[in-house]
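Coordinates from query.txt are shown below (compact mmCIF, C-alpha atoms).
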# COMPACT_ATOMS: atom_id res chain seq x y z
CA MET A 1 14.46 -27.13 11.92
CA SER A 2 11.71 -26.73 9.35
CA TYR A 3 8.23 -28.11 8.78
CA GLN A 4 6.08 -28.59 5.71
CA LEU A 5 2.98 -26.50 5.13
CA THR A 6 0.38 -27.79 2.69
CA ILE A 7 -2.08 -25.21 1.40
CA GLU A 8 -5.46 -26.38 0.21
CA PRO A 9 -7.35 -26.24 -2.09
CA ILE A 10 -4.34 -25.56 -4.36
CA GLY A 11 -2.36 -28.50 -2.94
CA GLN A 12 0.96 -26.62 -2.80
CA THR A 13 3.53 -27.58 -0.14
CA LEU A 14 6.06 -25.13 1.33
CA ASP A 15 9.04 -25.52 3.65
CA VAL A 16 8.54 -23.29 6.70
CA GLU A 17 11.39 -22.41 9.04
CA GLU A 18 11.00 -22.63 12.80
CA GLY A 19 9.45 -19.39 14.06
CA GLN A 20 8.39 -18.27 10.57
CA THR A 21 4.73 -17.32 10.30
CA ILE A 22 2.38 -18.96 7.85
CA LEU A 23 1.76 -15.61 6.15
CA ASP A 24 5.47 -14.87 5.69
CA ALA A 25 6.10 -18.31 4.21
CA ALA A 26 3.22 -17.90 1.75
CA LEU A 27 4.25 -14.40 0.64
CA ARG A 28 7.86 -15.47 0.12
CA ALA A 29 6.55 -18.23 -2.16
CA GLY A 30 4.53 -15.71 -4.18
CA LEU A 31 1.19 -16.86 -2.72
CA TYR A 32 -1.13 -14.11 -1.55
CA ILE A 33 -3.23 -14.75 1.54
CA PRO A 34 -5.52 -11.78 2.26
CA HIS A 35 -4.13 -9.78 5.19
CA ALA A 36 -4.01 -6.25 6.56
CA CYS A 37 -2.58 -5.37 9.99
CA CYS A 38 0.03 -8.18 10.23
CA HIS A 39 -0.12 -7.91 14.04
CA GLY A 40 -2.94 -10.32 14.90
CA LEU A 41 -5.48 -7.55 15.37
CA CYS A 42 -7.79 -7.35 12.36
CA ALA A 43 -8.64 -11.02 11.50
CA THR A 44 -8.28 -10.48 7.75
CA CYS A 45 -5.83 -13.40 7.48
CA LYS A 46 -7.98 -15.94 9.35
CA ILE A 47 -7.50 -19.47 7.98
CA GLN A 48 -8.50 -23.04 8.87
CA VAL A 49 -6.00 -25.63 10.13
CA THR A 50 -7.18 -29.08 9.06
CA ASP A 51 -4.18 -31.11 10.23
CA GLY A 52 -1.14 -30.58 12.46
CA GLU A 53 -0.20 -28.34 15.38
CA ILE A 54 0.38 -24.58 15.39
CA ASP A 55 1.24 -21.86 17.91
CA HIS A 56 -1.20 -18.93 17.75
CA GLY A 57 1.48 -16.40 18.70
CA GLU A 58 0.19 -12.93 19.59
CA ALA A 59 -3.24 -13.25 17.96
CA SER A 60 -5.64 -11.10 19.99
CA ASN A 61 -8.69 -12.64 21.62
CA PHE A 62 -10.76 -9.99 19.85
CA ALA A 63 -9.61 -11.06 16.37
CA LEU A 64 -9.56 -14.79 17.12
CA MET A 65 -12.13 -15.97 19.66
CA ASP A 66 -11.55 -18.96 21.95
CA TYR A 67 -14.21 -21.00 20.19
CA GLU A 68 -12.53 -20.30 16.82
CA ARG A 69 -9.22 -21.59 18.17
CA GLU A 70 -11.01 -24.74 19.30
CA GLU A 71 -12.44 -25.11 15.78
CA GLY A 72 -8.91 -25.04 14.34
CA LYS A 73 -8.84 -21.49 13.03
CA CYS A 74 -5.76 -19.27 13.29
CA LEU A 75 -4.37 -15.97 12.05
CA ALA A 76 -1.75 -16.53 9.36
CA CYS A 77 0.19 -13.39 10.34
CA CYS A 78 0.90 -14.75 13.84
CA ALA A 79 0.66 -18.53 13.63
CA THR A 80 3.84 -20.62 13.50
CA LEU A 81 4.16 -24.35 12.86
CA GLN A 82 4.80 -26.91 15.60
CA SER A 83 4.58 -29.86 13.16
CA ASP A 84 3.79 -30.48 9.51
CA VAL A 85 0.51 -28.66 8.93
CA THR A 86 -2.28 -28.54 6.36
CA ILE A 87 -4.45 -25.43 6.06
CA GLU A 88 -7.38 -24.26 3.99
CA ALA A 89 -6.91 -20.68 2.81
CA GLU A 90 -8.39 -18.33 0.27
CA ILE A 91 -5.49 -17.78 -2.15
CA GLU A 92 -6.58 -14.75 -4.14
CA GLU A 93 -6.04 -14.88 -7.87
CA GLU A 94 -6.41 -11.70 -9.89
CA VAL A 95 -5.60 -11.30 -13.56
CA ASP A 96 -3.43 -8.22 -13.03
CA ALA A 97 -1.58 -9.37 -9.90
CA GLN A 98 2.04 -10.30 -10.57
CA ASN A 99 2.28 -12.43 -7.38
CA LEU A 100 5.92 -11.53 -6.81
CA PRO A 101 7.74 -13.41 -4.02
CA VAL A 102 8.98 -11.45 -1.02
CA HIS A 103 12.77 -11.19 -0.52
CA ASP A 104 15.13 -9.56 1.98
CA TYR A 105 17.34 -6.67 0.86
CA THR A 106 20.25 -4.58 2.13
CA ALA A 107 20.54 -1.08 0.69
CA THR A 108 22.40 2.19 1.10
CA VAL A 109 20.64 5.50 1.76
CA SER A 110 21.72 7.35 -1.37
CA ARG A 111 19.79 10.57 -0.74
CA ILE A 112 17.49 12.24 1.81
CA GLU A 113 15.45 15.32 0.95
CA ASN A 114 12.93 17.44 2.85
CA LEU A 115 9.89 17.26 0.57
CA THR A 116 7.69 19.19 3.02
CA PRO A 117 8.06 20.29 6.67
CA THR A 118 6.69 16.87 7.71
CA ILE A 119 7.62 14.51 4.84
CA LYS A 120 11.09 13.30 3.90
CA GLY A 121 12.06 11.70 0.63
CA VAL A 122 14.39 8.75 1.25
CA TRP A 123 16.17 7.00 -1.62
CA LEU A 124 17.47 3.45 -1.06
CA LYS A 125 20.03 2.10 -3.53
CA LEU A 126 20.67 -1.62 -3.86
CA PRO A 127 24.10 -3.10 -4.64
CA GLU A 128 25.21 -2.92 -8.26
CA GLY A 129 23.44 -5.54 -10.33
CA ARG A 130 20.63 -6.19 -7.85
CA ASN A 131 17.09 -4.87 -8.29
CA ILE A 132 13.85 -5.25 -6.40
CA GLN A 133 11.04 -6.39 -8.65
CA PHE A 134 7.76 -4.85 -7.57
CA GLN A 135 4.37 -3.90 -8.94
CA ALA A 136 3.53 -0.20 -8.93
CA GLY A 137 1.47 0.50 -5.80
CA GLN A 138 3.23 -2.04 -3.56
CA TYR A 139 5.20 -1.34 -0.37
CA ILE A 140 8.20 -2.55 1.61
CA ASN A 141 8.71 -3.32 5.31
CA LEU A 142 11.67 -1.26 6.54
CA ASN A 143 13.56 -2.59 9.57
CA ILE A 144 14.03 -0.04 12.36
CA PRO A 145 17.06 -0.41 14.68
CA GLY A 146 16.01 -1.49 18.17
CA GLU A 147 12.46 -2.32 17.08
CA THR A 148 11.14 -5.85 16.65
CA ALA A 149 8.38 -4.78 14.28
CA SER A 150 9.25 -3.35 10.86
CA ARG A 151 7.40 -0.37 9.36
CA ALA A 152 5.48 -0.39 6.08
CA PHE A 153 6.23 2.35 3.53
CA SER A 154 4.87 2.58 -0.01
CA ILE A 155 7.33 2.74 -2.89
CA ALA A 156 6.98 6.11 -4.61
CA SER A 157 9.19 5.41 -7.62
CA ALA A 158 8.42 3.47 -10.79
CA PRO A 159 9.10 -0.29 -11.13
CA GLN A 160 11.44 0.51 -14.01
CA ASP A 161 13.86 1.98 -11.41
CA GLY A 162 14.28 -1.19 -9.34
CA ASN A 163 17.94 -0.60 -8.37
CA GLU A 164 17.00 2.54 -6.40
CA ILE A 165 13.61 3.08 -4.78
CA GLU A 166 12.08 6.22 -3.32
CA LEU A 167 10.08 6.37 -0.10
CA ASN A 168 8.06 9.40 1.07
CA ILE A 169 7.89 9.22 4.87
CA ARG A 170 5.71 11.50 6.99
CA GLN A 171 6.72 11.99 10.61
CA VAL A 172 4.03 10.62 12.92
CA VAL A 173 3.75 12.19 16.35
CA GLY A 174 4.94 9.60 18.86
CA GLY A 175 6.00 7.18 16.10
CA LYS A 176 9.38 5.60 16.87
CA GLY A 177 9.93 4.42 13.30
CA THR A 178 9.30 7.75 11.61
CA ALA A 179 11.22 9.57 14.36
CA TRP A 180 14.26 7.43 13.52
CA VAL A 181 13.89 8.27 9.82
CA HIS A 182 13.46 12.01 10.41
CA GLU A 183 15.96 12.50 13.24
CA GLN A 184 18.69 9.86 12.86
CA LEU A 185 18.82 8.34 9.39
CA LYS A 186 21.41 9.94 7.13
CA GLN A 187 22.88 9.59 3.67
CA GLY A 188 25.34 6.70 3.45
CA ASP A 189 23.65 4.60 6.14
CA THR A 190 22.95 0.92 5.50
CA VAL A 191 19.37 -0.28 5.96
CA THR A 192 17.55 -3.58 5.52
CA PHE A 193 14.03 -4.22 4.31
CA SER A 194 11.79 -6.89 2.81
CA GLY A 195 9.31 -6.74 -0.01
CA PRO A 196 7.36 -6.30 -2.10
CA TYR A 197 4.05 -6.43 -0.24
CA GLY A 198 0.51 -5.37 -0.97
CA ARG A 199 -2.40 -5.83 -3.32
CA PHE A 200 -2.77 -2.23 -4.47
CA PHE A 201 -2.11 -2.08 -8.22
CA VAL A 202 -3.64 -0.84 -11.46
CA ARG A 203 -6.15 -3.20 -13.07
CA LYS A 204 -4.65 -2.75 -16.53
CA SER A 205 -6.57 -5.59 -18.14
CA GLU A 206 -9.82 -3.65 -17.63
CA ASN A 207 -8.58 -1.11 -20.19
CA GLN A 208 -10.39 1.79 -18.49
CA PRO A 209 -9.38 5.37 -17.62
CA SER A 210 -7.73 5.74 -14.19
CA LEU A 211 -8.60 8.17 -11.40
CA PHE A 212 -6.15 8.59 -8.50
CA LEU A 213 -7.24 10.36 -5.31
CA ALA A 214 -4.36 11.02 -2.90
CA GLY A 215 -3.67 12.96 0.26
CA GLY A 216 -0.44 13.73 2.13
CA SER A 217 2.18 10.99 1.95
CA GLY A 218 -0.56 8.79 0.47
CA LEU A 219 0.70 10.21 -2.82
CA SER A 220 3.50 7.60 -2.82
CA SER A 221 1.64 4.65 -4.36
CA PRO A 222 -0.32 6.73 -6.91
CA ARG A 223 2.92 8.38 -8.04
CA SER A 224 4.50 4.98 -8.69
CA MET A 225 1.39 3.79 -10.53
CA ILE A 226 1.13 6.92 -12.67
CA LEU A 227 4.83 6.88 -13.60
CA ASP A 228 4.45 3.23 -14.57
CA LEU A 229 1.40 3.92 -16.75
CA LEU A 230 3.11 6.84 -18.47
CA ALA A 231 6.24 4.74 -19.09
CA GLU A 232 4.10 2.17 -20.90
CA ASN A 233 2.82 4.87 -23.27
CA SER A 234 -0.82 4.02 -22.66
CA GLU A 235 -3.16 6.64 -24.11
CA LEU A 236 -6.01 5.97 -21.66
CA PRO A 237 -6.95 9.08 -19.65
CA ILE A 238 -5.32 9.44 -16.22
CA VAL A 239 -6.46 11.96 -13.61
CA LEU A 240 -4.69 12.68 -10.31
CA VAL A 241 -6.45 14.72 -7.62
CA ASN A 242 -3.83 15.39 -4.96
CA GLY A 243 -4.67 17.06 -1.65
CA ALA A 244 -2.52 18.89 0.90
CA ARG A 245 -3.14 21.42 3.67
CA ASP A 246 -1.17 24.26 2.06
CA GLN A 247 1.53 24.92 -0.51
CA SER A 248 4.31 23.99 1.91
CA GLU A 249 2.85 20.46 2.17
CA LEU A 250 2.31 20.04 -1.59
CA TYR A 251 5.25 18.02 -2.87
CA HIS A 252 6.25 16.70 -6.32
CA ASP A 253 3.95 19.45 -7.61
CA ALA A 254 6.36 20.73 -10.28
CA GLU A 255 6.96 17.17 -11.49
CA PHE A 256 3.25 16.46 -11.98
CA ARG A 257 2.68 19.78 -13.72
CA ALA A 258 5.53 18.95 -16.13
CA LEU A 259 4.11 15.46 -16.74
CA ALA A 260 0.71 16.96 -17.54
CA GLU A 261 2.38 19.27 -20.07
CA ARG A 262 4.14 16.36 -21.79
CA HIS A 263 1.26 13.89 -21.70
CA PRO A 264 -2.09 15.30 -22.91
CA HIS A 265 -3.99 12.29 -21.52
CA PHE A 266 -2.72 12.99 -17.97
CA THR A 267 -4.58 15.60 -15.90
CA TYR A 268 -3.24 16.90 -12.57
CA VAL A 269 -5.57 18.59 -10.06
CA PRO A 270 -3.85 19.82 -6.87
CA VAL A 271 -6.18 20.99 -4.08
CA LEU A 272 -5.36 22.75 -0.79
CA SER A 273 -7.60 22.59 2.28
CA ASN A 274 -5.98 25.23 4.50
CA GLU A 275 -4.13 27.63 2.19
CA PRO A 276 -4.24 31.22 3.56
CA ASP A 277 -6.40 33.71 1.67
CA GLY A 278 -4.42 36.13 -0.46
CA SER A 279 -1.47 33.74 -0.89
CA GLY A 280 -1.70 33.85 -4.66
CA TRP A 281 -2.70 30.20 -4.98
CA GLN A 282 -4.51 29.77 -8.30
CA GLY A 283 -5.62 26.18 -7.90
CA ALA A 284 -8.55 24.42 -6.25
CA ARG A 285 -9.35 24.89 -2.57
CA GLY A 286 -11.09 22.45 -0.28
CA PHE A 287 -10.80 18.69 0.09
CA VAL A 288 -9.89 15.93 -2.35
CA HIS A 289 -13.44 14.58 -2.69
CA GLU A 290 -14.78 18.08 -3.32
CA ALA A 291 -12.20 18.80 -6.03
CA ALA A 292 -12.90 15.45 -7.69
CA LYS A 293 -16.64 16.06 -7.64
CA ALA A 294 -16.20 19.49 -9.22
CA HIS A 295 -13.75 18.25 -11.87
CA PHE A 296 -16.00 15.40 -13.02
CA GLU A 297 -19.28 17.22 -12.38
CA ASN A 298 -20.29 14.37 -10.07
CA ASP A 299 -20.16 11.67 -12.77
CA PHE A 300 -17.36 9.12 -12.30
CA ARG A 301 -18.74 6.32 -14.45
CA GLY A 302 -16.42 4.32 -16.72
CA ARG A 303 -13.29 4.69 -14.58
CA LYS A 304 -11.18 2.74 -12.14
CA ALA A 305 -10.52 4.75 -8.97
CA TYR A 306 -7.49 4.26 -6.71
CA LEU A 307 -7.57 5.94 -3.29
CA CYS A 308 -4.62 6.37 -0.94
CA GLY A 309 -4.44 8.64 2.08
CA PRO A 310 -5.78 9.22 5.59
CA PRO A 311 -8.82 7.08 6.54
CA MET A 312 -11.16 10.08 6.76
CA MET A 313 -10.15 11.23 3.28
CA ILE A 314 -10.76 7.76 1.87
CA GLU A 315 -14.20 7.46 3.47
CA ALA A 316 -15.22 10.88 2.11
CA CYS A 317 -13.93 9.97 -1.37
CA ILE A 318 -15.77 6.64 -1.37
CA ALA A 319 -19.05 8.38 -0.52
CA THR A 320 -18.50 10.96 -3.28
CA LEU A 321 -17.58 8.35 -5.89
CA MET A 322 -20.66 6.29 -5.10
CA GLN A 323 -22.86 9.37 -5.31
CA GLY A 324 -21.32 9.89 -8.74
CA ARG A 325 -22.29 6.37 -9.89
CA LEU A 326 -18.98 4.57 -9.30
CA PHE A 327 -19.31 1.51 -7.09
CA GLU A 328 -17.29 -1.12 -5.22
CA ARG A 329 -16.03 -3.14 -8.17
CA ASP A 330 -14.29 -0.05 -9.57
CA ILE A 331 -12.91 1.45 -6.33
CA TYR A 332 -9.62 0.31 -4.77
CA THR A 333 -8.12 1.63 -1.54
CA GLU A 334 -4.85 1.37 0.33
CA LYS A 335 -4.72 1.87 4.10
CA PHE A 336 -1.95 0.90 6.47
CA ILE A 337 -3.47 -0.35 9.72
CA SER A 338 -1.91 0.43 13.09
CA ALA A 339 -2.96 -1.19 16.35
CA ALA A 340 -5.32 1.73 16.98
CA ASP A 341 -6.74 1.69 13.45
CA ALA A 342 -7.52 -2.01 13.67
CA GLN A 343 -10.09 -1.37 16.39
CA GLN A 344 -12.01 1.16 14.31
CA VAL A 345 -15.17 0.29 12.42
CA ARG A 346 -14.50 -0.09 8.71
CA SER A 347 -16.95 0.12 5.84
CA PRO A 348 -18.62 -3.28 5.30
CA LEU A 349 -18.79 -2.59 1.57
CA PHE A 350 -15.07 -2.67 0.91
CA ARG A 351 -12.46 -5.36 1.26
CA LYS A 352 -9.21 -4.62 3.04
CA LEU A 353 -6.56 -4.38 0.29
Show me, as structure tokens, the structure contained in the file I just sent.
Amino acid sequence: MSYQLTIEPIGQTLDVEEGQTILDAALRAGLYIPHACCHGLCATCKIQVTDGEIDHGEASNFALMDYEREEGKCLACCATLQSDVTIEAEIEEEVDAQNLPVHDYTATVSRIENLTPTIKGVWLKLPEGRNIQFQAGQYINLNIPGETASRAFSIASAPQDGNEIELNIRQVVGGKGTAWVHEQLKQGDTVTFSGPYGRFFVRKSENQPSLFLAGGSGLSSPRSMILDLLAENSELPIVLVNGARDQSELYHDAEFRALAERHPHFTYVPVLSNEPDGSGWQGARGFVHEAAKAHFENDFRGRKAYLCGPPMMIEACIATLMQGRLFERDIYTEKFISAADAQQVRSPLFRKL
């Protein structure tokens, strides 16, 4: 059984399968409804139902109050249709967004590599002749055996390599999904995933220099974006400030150094926050925001900044960028939100991307 979903004000009508959420139906049609947690916790995807019946699913009472339900509001990530429905939603349109529809994929694990003691590189190869089309900076939802909820992982490879994608997956203490990847997944296994997802991408039409600030496995999206920019032979300056605790946690370092040698407009600044004294490390020490401030002498004007990493790193980088005269319209962040993260206070100045 399926129902029809009409989205206003654009007037587009979609067929929605029984049990399919409004958000999933929209994304699979290439329509982007703002969202973040995808678990009914953060209220980013709140929309207005103007006609028809829906089931609210697992939307939390914190994210969707009783009075809002009575007013016809729902969370697109949880709501399913019980009849033909009309909604009013903010369909974001951005010049640089490719608005690619979400599809399901089956792939083979072609390679697994220990990038650091806590991060594995996982390569997923699609069947011959099939590619995933994605925009650099986007992510996939990987299905975990025995788990009802998939896990989001950024694509670390360039869009030009759509037949085989790379994921950089950090093991999270107590995380069932990352434990499966680190302890059970092996080369030759078959996996399923859906994608692409996300609104984290380079605003190329702005024609401005790019600054990437990354930490830990947050390097995944910036790596994809940088490889994409370099493949297009753009001569605009690109700077990557990449943070890790010590040299053992600094991965893809040799690759970025080689890219900086080949491309004069690309600058690579690795920085270590907990490298032992006397180790022979010749690079910057401290945190990402400190290294960025020193490199640019606290003047970030005229750039587009893309931040990806732990929430505390991102908050520190935002404060530093703003002190250096770079403000909201030129700062873009990527954070994956867990159930715990969704309860935390977030900066009111920045949209959830």
Practice prompt. Might you pull out every residue within 10 Å of Arg223 of chain A, with only C-alpha atoms counted and same-chain residues fewer than 3 positions away left off, and present them as an MDAnalysis selection string?
Written response: chainID A and resid 136:137 155:158 212 214 218:220 226:229 240 252 256
Worksheet item: Pick from A:Asn207, A:Asn131, A:Thr118, A:Thr190: nearest to Val172 of chain A, with only C-alpha atoms counted?
Response: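 Closest residue, counting only C-alpha atoms: A:Thr118.
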Fill in: For segment 273-286 of chain A: contacts at 7 Å, all atoms listed in the file, fewer than 5 positions along chain excluded, given as a PyMOL selection string
chain A and resi 244-247+291
Practice prompt. Tell me, as a ChimeraX atom specification, which residues lie within 7 Å of segment 310-318 of chain A, counting only C-alpha atoms; anything in the same chain fewer than 4 positions away does not count.
Written response: /A:215,289,322
Item to complete: Write out as a ChimeraX atom specification the residues lying within 8 Å of Asp24 of chain A, counting only C-alpha atoms and excluding same-chain residues fewer than 4 positions away.
Response: /A:20,28,77
Can you write just those residues out, C-alpha atoms, as a PDB file, keeping the file's coordinate frame?
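What landed in out.pdb:
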ATOM      1  CA  GLN A  20       8.390 -18.270  10.570  1.00  0.00           C
ATOM      2  CA  ARG A  28       7.860 -15.470   0.120  1.00  0.00           C
ATOM      3  CA  CYS A  77       0.190 -13.390  10.340  1.00  0.00           C
TER       4      CYS A  77
END
Residue neighbourhood Gly57 of chain A, 10 Å, all atoms listed in the file, exclusion window fewer than 3 positions, as a short mmCIF file (atom, residue, chain, number, x, y, z; two decimals) with C-alpha atoms, in the coordinates of the input:
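Saved result, result-v8.cif, follows:
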data_model
loop_
_atom_site.label_atom_id
_atom_site.label_comp_id
_atom_site.auth_asym_id
_atom_site.auth_seq_id
_atom_site.Cartn_x
_atom_site.Cartn_y
_atom_site.Cartn_z
CA GLY A 19 9.45 -19.39 14.06
CA THR A 21 4.73 -17.32 10.30
CA HIS A 39 -0.12 -7.91 14.04
CA GLY A 40 -2.94 -10.32 14.90
CA ILE A 54 0.38 -24.58 15.39
CA SER A 60 -5.64 -11.10 19.99
CA CYS A 74 -5.76 -19.27 13.29
CA LEU A 75 -4.37 -15.97 12.05
CA ALA A 76 -1.75 -16.53 9.36
CA CYS A 77 0.19 -13.39 10.34
CA CYS A 78 0.90 -14.75 13.84
CA ALA A 79 0.66 -18.53 13.63
CA THR A 80 3.84 -20.62 13.50
#
Worksheet item: What is the atom CA of Tyr67 of chain A-atom CA of Val49 of chain A distance in Å, reported with one decimal?
Response: 13.8 Å
Taking a cut-off of 12 Å and counting all atoms listed in the file, can you build a table that, for each residue of segment 147-248 of chain A near segment 103-115 of chain A, reports the nearest atom pair and how far apart they are in Å (one decimal), sorted by chain then residue number, as CSV?
residue,atom,partner,partner_atom,distance
A:Gly162,CA,A:Ala107,CA,11.8
A:Asn163,CA,A:Ala107,CA,9.4
A:Glu164,CA,A:Ser110,CA,8.4
A:Ile165,CA,A:Ala107,CA,9.8
A:Glu166,CA,A:Arg111,CA,9.2
A:Leu167,CA,A:Ile112,CA,9.6
A:Asn168,CA,A:Leu115,CA,8.1
A:Ile169,CA,A:Leu115,CA,9.3
A:Arg170,CA,A:Leu115,CA,9.6
A:Gln171,CA,A:Asn114,CA,11.3
A:Val181,CA,A:Ile112,CA,9.6
A:His182,CA,A:Asn114,CA,9.3
A:Glu183,CA,A:Ile112,CA,11.5
A:Gln184,CA,A:Ile112,CA,11.4
A:Leu185,CA,A:Val109,CA,8.3
A:Lys186,CA,A:Ile112,CA,7.0
A:Gln187,CA,A:Val109,CA,5.0
A:Gly188,CA,A:Val109,CA,5.1
A:Asp189,CA,A:Val109,CA,5.4
A:Thr190,CA,A:Thr108,CA,4.6
A:Val191,CA,A:Ala107,CA,5.5
A:Thr192,CA,A:Thr106,CA,4.4
A:Phe193,CA,A:Tyr105,CA,5.4
A:Ser194,CA,A:Asp104,CA,4.4
A:Gly195,CA,A:His103,CA,5.7
A:Pro196,CA,A:His103,CA,7.5
A:Tyr197,CA,A:His103,CA,9.9
A:Gly216,CA,A:Leu115,CA,11.0
A:Ser217,CA,A:Leu115,CA,10.0
A:Gln247,CA,A:Leu115,CA,11.4
A:Ser248,CA,A:Leu115,CA,8.8
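Atom pair atom CA of Ala43 of chain A / atom CA of Glu90 of chain A: separated by 13.4 Å.
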Discussion item. Here's a test: counting all atoms listed in the file, identify every protein, DNA and RNA residue with an atom at most 12 Å from (-5.7, -1.3, -13.0) in the file's coordinate frame, and state them as a ChimeraX atom specification.
Written reply: /A:94-97,135-137,199-212,222,225-226,228-229,236,238,303-306,329-332
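The gap separating atom CA of Gln138 of chain A from atom CA of Leu213 of chain A is 16.3 Å, in Å to one decimal.
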Worksheet entry | Closest of A:Glu290, A:Leu41, A:Glu71, A:Tyr268 to Glu58 of chain A - atom-to-atom distances counting all atoms listed in the file |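 Checking each of A:Glu290, A:Leu41, A:Glu71, A:Tyr268 against Glu58 of chain A, counting all atoms listed in the file, the winner is A:Leu41.
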